[in-house]
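The data block below is protein_15.cif; it holds mmCIF, C-alpha atoms.
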data_query
loop_
_atom_site.group_PDB
_atom_site.id
_atom_site.type_symbol
_atom_site.label_atom_id
_atom_site.label_comp_id
_atom_site.auth_asym_id
_atom_site.auth_seq_id
_atom_site.Cartn_x
_atom_site.Cartn_y
_atom_site.Cartn_z
ATOM 1 C CA MET A 1 83.571 -25.623 -12.274
ATOM 2 C CA VAL A 2 80.280 -26.541 -13.888
ATOM 3 C CA LEU A 3 77.014 -25.310 -12.491
ATOM 4 C CA ALA A 4 73.720 -26.954 -13.249
ATOM 5 C CA TRP A 5 70.304 -26.356 -11.792
ATOM 6 C CA THR A 6 66.925 -27.869 -12.371
ATOM 7 C CA SER A 7 63.297 -26.933 -11.874
ATOM 8 C CA VAL A 8 59.921 -28.205 -12.967
ATOM 9 C CA ILE A 9 57.565 -26.184 -15.166
ATOM 10 C CA PRO A 10 53.900 -27.065 -14.598
ATOM 11 C CA HIS A 11 52.214 -29.270 -17.153
ATOM 12 C CA SER A 12 49.883 -26.515 -18.316
ATOM 13 C CA VAL A 13 52.721 -24.148 -19.256
ATOM 14 C CA HIS A 14 54.224 -26.310 -22.015
ATOM 15 C CA ALA A 15 53.343 -29.190 -24.286
ATOM 16 C CA ALA A 16 51.542 -32.203 -22.878
ATOM 17 C CA GLU A 17 54.581 -34.439 -23.397
ATOM 18 C CA GLY A 18 57.319 -34.203 -20.787
ATOM 19 C CA GLY A 19 60.926 -33.514 -21.582
ATOM 20 C CA ILE A 20 64.107 -31.809 -20.479
ATOM 21 C CA ARG A 21 64.926 -28.315 -21.691
ATOM 22 C CA GLY A 22 67.316 -25.552 -20.811
ATOM 23 C CA TRP A 23 70.157 -23.282 -21.817
ATOM 24 C CA VAL A 24 73.910 -23.762 -22.071
ATOM 25 C CA MET A 25 75.980 -20.762 -20.993
ATOM 26 C CA GLY A 26 79.677 -20.082 -20.642
ATOM 27 C CA GLN A 27 81.907 -18.490 -18.050
ATOM 28 C CA THR A 28 85.607 -17.745 -17.639
ATOM 29 C CA ALA A 29 87.730 -19.650 -15.117
ATOM 30 C CA GLU A 30 87.239 -16.610 -12.843
ATOM 31 C CA GLY A 31 83.446 -16.952 -13.066
ATOM 32 C CA GLU A 32 82.775 -14.051 -15.479
ATOM 33 C CA HIS A 33 79.637 -14.655 -17.554
ATOM 34 C CA LEU A 34 80.366 -15.123 -21.292
ATOM 35 C CA GLY A 35 76.822 -15.554 -22.590
ATOM 36 C CA VAL A 36 75.110 -18.467 -24.274
ATOM 37 C CA ILE A 37 76.934 -21.299 -26.052
ATOM 38 C CA ALA A 38 75.568 -22.247 -29.469
ATOM 39 C CA GLY A 39 76.427 -25.699 -30.783
ATOM 40 C CA ALA A 40 76.971 -27.395 -27.415
ATOM 41 C CA LYS A 41 76.252 -31.124 -27.502
ATOM 42 C CA VAL A 42 73.904 -32.153 -24.679
ATOM 43 C CA GLU A 43 73.485 -35.867 -23.990
ATOM 44 C CA PHE A 44 71.457 -37.715 -21.383
ATOM 45 C CA LEU A 45 72.849 -41.185 -20.745
ATOM 46 C CA ASP A 46 71.091 -44.389 -19.748
ATOM 47 C CA ALA A 47 72.259 -46.742 -16.983
ATOM 48 C CA ASN A 48 74.773 -48.328 -19.393
ATOM 49 C CA GLY A 49 76.389 -44.988 -20.277
ATOM 50 C CA LYS A 50 74.869 -44.881 -23.775
ATOM 51 C CA ALA A 51 73.223 -41.717 -25.090
ATOM 52 C CA ALA A 52 69.469 -42.134 -24.561
ATOM 53 C CA TYR A 53 68.756 -38.567 -25.709
ATOM 54 C CA SER A 54 71.104 -36.258 -27.588
ATOM 55 C CA THR A 55 70.753 -32.767 -29.046
ATOM 56 C CA THR A 56 72.720 -29.615 -29.830
ATOM 57 C CA SER A 57 72.033 -26.154 -28.415
ATOM 58 C CA ASP A 58 70.748 -23.615 -30.936
ATOM 59 C CA GLU A 59 72.095 -20.093 -31.623
ATOM 60 C CA ALA A 60 70.406 -18.881 -28.423
ATOM 61 C CA GLY A 61 72.074 -21.646 -26.358
ATOM 62 C CA TYR A 62 68.717 -23.428 -25.928
ATOM 63 C CA TYR A 63 68.314 -27.219 -26.066
ATOM 64 C CA SER A 64 65.356 -29.563 -25.727
ATOM 65 C CA VAL A 65 65.018 -33.343 -25.533
ATOM 66 C CA GLY A 66 61.873 -35.385 -25.447
ATOM 67 C CA PRO A 67 59.159 -36.213 -25.341
ATOM 68 C CA LEU A 68 59.876 -38.641 -22.548
ATOM 69 C CA PRO A 69 57.416 -41.530 -22.283
ATOM 70 C CA SER A 70 55.107 -41.078 -19.300
ATOM 71 C CA GLY A 71 54.148 -43.670 -16.738
ATOM 72 C CA ASP A 72 54.446 -44.574 -13.075
ATOM 73 C CA PHE A 73 58.250 -44.635 -12.827
ATOM 74 C CA GLU A 74 61.324 -42.395 -12.732
ATOM 75 C CA TYR A 75 64.220 -41.966 -15.105
ATOM 76 C CA VAL A 76 67.701 -41.737 -13.637
ATOM 77 C CA LEU A 77 69.782 -40.030 -16.294
ATOM 78 C CA LYS A 78 73.384 -38.916 -16.229
ATOM 79 C CA TYR A 79 74.338 -36.040 -18.476
ATOM 80 C CA ARG A 80 77.306 -35.028 -20.592
ATOM 81 C CA VAL A 81 77.686 -31.560 -22.128
ATOM 82 C CA THR A 82 80.507 -30.654 -24.512
ATOM 83 C CA ALA A 83 81.363 -27.485 -26.458
ATOM 84 C CA GLU A 84 84.477 -26.434 -28.322
ATOM 85 C CA GLY A 85 86.663 -24.160 -26.199
ATOM 86 C CA TYR A 86 85.005 -25.217 -22.932
ATOM 87 C CA ARG A 87 85.648 -27.903 -20.351
ATOM 88 C CA ASP A 88 83.345 -30.886 -20.719
ATOM 89 C CA GLU A 89 80.656 -31.602 -18.155
ATOM 90 C CA ASP A 90 81.178 -35.331 -17.866
ATOM 91 C CA GLU A 91 81.549 -36.034 -14.175
ATOM 92 C CA GLY A 92 78.906 -38.742 -13.935
ATOM 93 C CA ARG A 93 76.377 -36.419 -12.316
ATOM 94 C CA GLY A 94 72.738 -36.857 -13.167
ATOM 95 C CA LEU A 95 69.167 -36.300 -12.193
ATOM 96 C CA ARG A 96 65.951 -38.140 -11.435
ATOM 97 C CA VAL A 97 63.077 -37.346 -13.749
ATOM 98 C CA ALA A 98 59.603 -38.576 -12.890
ATOM 99 C CA ALA A 99 57.724 -39.909 -15.911
ATOM 100 C CA ASP A 100 54.885 -37.536 -15.120
ATOM 101 C CA GLY A 101 54.619 -35.565 -18.360
ATOM 102 C CA GLU A 102 56.229 -32.483 -16.772
ATOM 103 C CA VAL A 103 58.836 -30.337 -18.486
ATOM 104 C CA HIS A 104 62.065 -30.277 -16.486
ATOM 105 C CA VAL A 105 64.457 -27.354 -16.912
ATOM 106 C CA LEU A 106 68.176 -28.029 -16.505
ATOM 107 C CA ASP A 107 70.577 -25.203 -17.370
ATOM 108 C CA PHE A 108 74.338 -25.704 -17.702
ATOM 109 C CA VAL A 109 77.245 -23.292 -17.217
ATOM 110 C CA LEU A 110 80.473 -24.523 -18.810
ATOM 111 C CA THR A 111 83.878 -23.096 -17.915
ATOM 112 C CA GLN A 112 86.091 -21.806 -20.710
ATOM 113 C CA GLY A 113 89.339 -23.707 -21.233
ATOM 114 C CA ALA A 114 90.789 -27.068 -22.113
ATOM 115 C CA ASN A 115 89.820 -30.322 -20.469
ATOM 116 C CA VAL A 116 92.224 -31.498 -17.803
ATOM 117 C CA LYS A 117 92.808 -35.216 -17.678
ATOM 118 C CA THR A 118 94.035 -36.545 -14.375
ATOM 119 C CA GLU A 119 96.008 -39.722 -14.078
ATOM 120 C CA THR A 120 95.568 -42.058 -11.155
ATOM 121 C CA GLY A 121 97.991 -44.689 -10.020
ATOM 122 C CA ILE A 122 99.365 -46.623 -7.110
ATOM 123 C CA LEU A 123 102.420 -45.575 -5.163
ATOM 124 C CA ASN A 124 104.299 -48.339 -3.408
ATOM 125 C CA GLY A 125 107.226 -47.936 -1.053
ATOM 126 C CA HIS A 126 108.283 -47.154 2.477
ATOM 127 C CA VAL A 127 108.069 -43.991 4.511
ATOM 128 C CA TRP A 128 111.016 -43.399 6.794
ATOM 129 C CA ARG A 129 110.923 -41.087 9.706
ATOM 130 C CA THR A 130 114.179 -39.303 10.501
#
Would it be possible to restate this file's structure as structure tokens?
Amino acid sequence: MVLAWTSVIPHSVHAAEGGIRGWVMGQTAEGEHLGVIAGAKVEFLDANGKAAYSTTSDEAGYYSVGPLPSGDFEYVLKYRVTAEGYRDEDEGRGLRVAADGEVHVLDFVLTQGANVKTETGILNGHVWRT
């Protein structure tokens, strides 16, 4: 389970250029808090799935990307967060970010453990009722 939340910090609180900032934290599979994750790779992807912004969390688990160009439009960015020993956050989720010069805060909580890859397929056949 990966938790992520977002908020907006008013323009006057931070730098004049907008961006996305936050912390990466870890938890056990049972939900027990493990603290911050240093060295987590945080990527925000464009519509084609390419990394538009990429950074690594520092020793305090903090990351920051930007500045984002401002204007009269919105960004729609998907995110991917990876850290050794934790399940990746790569489910195609994302967020809308207005190009308004605001600083957006998006924190991530990664679950400890290996990634689980699921296989999909097609099952053909007959079902018989007895």
A:Gly66, A:Gly85, A:Gly101, A:Gly18: which is nearest Ala38 (chain A), counting all atoms listed in the file?
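Smallest distance to Ala38 (chain A) is found for A:Gly85.
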Provide the CA of Val65 (chain A) to CA of Val81 (chain A) distance in Å, to one decimal place.
13.2 Å
Calculated over all atoms listed in the file, which of the candidates A:Ser64, A:Asn48, A:Thr56, A:Thr28 has the smallest distance to Leu106 (chain A)?
A:Ser64
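What the PyMOL selection byres ((chain A and resi 82) around 9) grabs from this file is Gly39, Ala40, Lys41, Val42, Glu43, Arg80, Val81, Ala83, Glu84, Tyr86, Arg87, Asp88, Glu89, Asp90 and Leu110 of chain A.
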Would you work out the distance separating CA of Lys78 (chain A) from CA of Lys117 (chain A), expressed in Å to one decimal?
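Straight-line distance from CA of Lys78 (chain A) to CA of Lys117 (chain A) works out to 19.8 Å.
Using all atoms listed in the file, the nearest neighbour of Leu77 (chain A) within the list A:Tyr53, A:Asp58, A:Leu45, A:Val105 is A:Leu45.
Pairwise distance (CA of Asp46 (chain A), CA of Val76 (chain A)) equals 7.5 Å.
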Which of A:Trp23, A:Trp128, A:Phe44, A:Tyr79 sits closest to Glu91 (chain A) [using only C-alpha atoms]:
A:Tyr79
